[in-house]
Structures are given as structure tokens and as C-alpha cells.
Amino acid sequence: MEKIVWDEAVHGTGHPLLDKEHHAIVEMYNKVIERYHQDIYDRKLYLVDLLAILNRMGSHFSVEEGMLMEYPDLLELEREEHGNISDQLTRFIATPSADQIDPLLEYVSGWLSDHLPKEAEEFRVLFQQQAIERQEKRRVA
């Protein structure tokens, strides 16, 4: 497993708060990966780090979902994906073991590597559409 290298062109949404949150979650994940590559399995350290990631994701998901209230189809998809990653982290935190860390980190890595770029693109499109709508409203007014 490798660290995720933040790339604004791939991971950026164009929204400063979302980008800051996404970047922070990636950095938290990268901290766990550093420990993993040092072959340090300290259950307490993993629990603290993963609980911090879970908490950060939870507050971040609330912000994202609040931004999507006007888009029920997209909101439902986001809630489902957010629930899946939260459930995986919660299960590990509830019953941590060294043999679960590899599959968990692979899952989180895959989720971040797949979800963030896809979500960033969706938000970029959404924000562009909102900007166009605001411009059109100004022209009409």
C-alpha cells in the first residue's frame, strides 16, 4: 500500500472547504500508511488514528451531504458510499486485530483513490452549473 499523493487537478473540487477536508483525510490516511510501512502494529496507535479519520470523515460527510440537499439522487449515492466506509472503519475499531489491518487499509486506500477523484469531478461540475445558474439569474434580473 502506498500513500496517496494529493493532486489538486485530480482531487480538488474547487470548493476551499471541501478541498481542505479531503486533503486532511488523505494526510491522516498517509500517516497510518507510514506506520504500516515501518512494520509497527500497535493496536492503540491504529485505533487512535483510525478513530480520528472516522470522526473527521463523519463531520466532513455532514458538510458534503448538506451541500447536496438540493440534489436528492446525488445525495443518496453519497450517503450510501459514506455509510460503507464508515461501517468498515467502525467494524475494525470495534474488533481490531493485526490480521485485519491489511484488508482494511486496502479498502480505505481503494475508497480514497476511487471515491475522491470521482467525487471531486462531480462537485466541480455541480459548482460550475451553480455558477452558470447564478450568472443567468443576474442577467435576467
# chains A, B, ... in the order shown; residues from 1 in each chain; ligands from 1

call {"tool": "residues_around", "arguments": {"residues": "segment 121-126 of chain A", "least_positions_apart": "6", "cutoff": "12 Å", "atoms": "only C-alpha atoms", "output": "tab-separated table (two decimals) with C-alpha atoms, in the first residue's frame"}}
result
chain	number	residue	atom	x	y	z
A	8	GLU	CA	-5.34	19.40	-6.94
A	9	ALA	CA	-6.24	18.63	-10.56
A	10	VAL	CA	-7.46	15.16	-9.59
A	11	HIS	CA	-8.70	15.59	-6.02
A	12	GLY	CA	-9.72	19.26	-5.97
A	13	THR	CA	-13.39	20.20	-6.11
A	14	GLY	CA	-12.93	23.92	-6.50
A	15	HIS	CA	-14.52	24.45	-3.07
A	16	PRO	CA	-11.94	25.51	-0.46
A	18	LEU	CA	-14.21	20.51	0.75
A	19	ASP	CA	-10.67	20.51	-0.63
A	64	GLU	CA	-20.99	17.35	1.93
A	65	GLU	CA	-24.45	15.94	2.41
A	67	MET	CA	-24.39	20.81	0.25
A	68	LEU	CA	-26.26	18.15	-1.72
A	70	GLU	CA	-30.98	20.13	-3.44
A	71	TYR	CA	-29.77	17.10	-5.43
A	74	LEU	CA	-26.56	12.52	-5.79
A	75	LEU	CA	-27.23	12.87	-2.06
A	77	LEU	CA	-25.39	7.95	-3.62
A	78	GLU	CA	-23.08	9.92	-1.36
A	114	ASP	CA	-11.64	5.84	-6.33
A	115	HIS	CA	-14.11	7.97	-4.41
A	132	ILE	CA	-23.78	29.38	-14.61
A	133	GLU	CA	-27.22	29.46	-12.98

call {"tool": "closest_atom_pairs", "arguments": {"of": "segment 31-63 of chain A", "to": "segment 88-109 of chain A", "cutoff": "8 Å", "atoms": "only C-alpha atoms", "output": "Markdown table"}}
result
| residue | atom | partner | partner_atom | distance |
| --- | --- | --- | --- | --- |
| A:Tyr41 | CA | A:Ala98 | CA | 6.9 |
| A:Arg43 | CA | A:Pro96 | CA | 7.0 |
| A:Leu47 | CA | A:Ile93 | CA | 6.0 |
| A:Leu50 | CA | A:Leu89 | CA | 7.0 |
| A:Leu51 | CA | A:Ile93 | CA | 7.1 |
| A:Leu54 | CA | A:Leu89 | CA | 6.7 |

call {"tool": "closest_residue", "arguments": {"among": "A:Met57, A:Leu17, A:Ala141, A:Met1", "to": "Val32 of chain A", "atoms": "only C-alpha atoms"}}
result
A:Met1

call {"tool": "closest_residue", "arguments": {"among": "A:Lys118, A:Arg56, A:Arg139, A:Arg79", "to": "Glu21 of chain A", "atoms": "only C-alpha atoms"}}
result
A:Arg56

call {"tool": "closest_residue", "arguments": {"among": "A:Trp111, A:Gln38, A:Ala52, A:Trp6", "to": "Glu81 of chain A", "atoms": "only C-alpha atoms"}}
result
A:Trp111

call {"tool": "residues_around", "arguments": {"residues": "Arg35 of chain A", "least_positions_apart": "4", "cutoff": "12 Å", "atoms": "only C-alpha atoms", "output": "ChimeraX atom specification"}}
result
/A:1-3,28-31,39-43,45-46,49,101,105

call {"tool": "closest_residue", "arguments": {"among": "A:Leu116, A:Ile53, A:Val63, A:Met69", "to": "Asp7 of chain A", "atoms": "only C-alpha atoms"}}
result
A:Leu116

call {"tool": "atom_distance", "arguments": {"atom1": "atom CA of Phe127 of chain A", "atom2": "atom CA of His23 of chain A"}}
result
18.7 Å

call {"tool": "select_by_dssp", "arguments": {"residues": "segment 6-40 of chain A", "states": "helix (DSSP H, G or I)", "output": "PyMOL selection string"}}
result
chain A and resi 8-11+16-37

call {"tool": "atom_distance", "arguments": {"atom1": "atom CA of Arg134 of chain A", "atom2": "atom CA of His22 of chain A"}}
result
26.1 Å
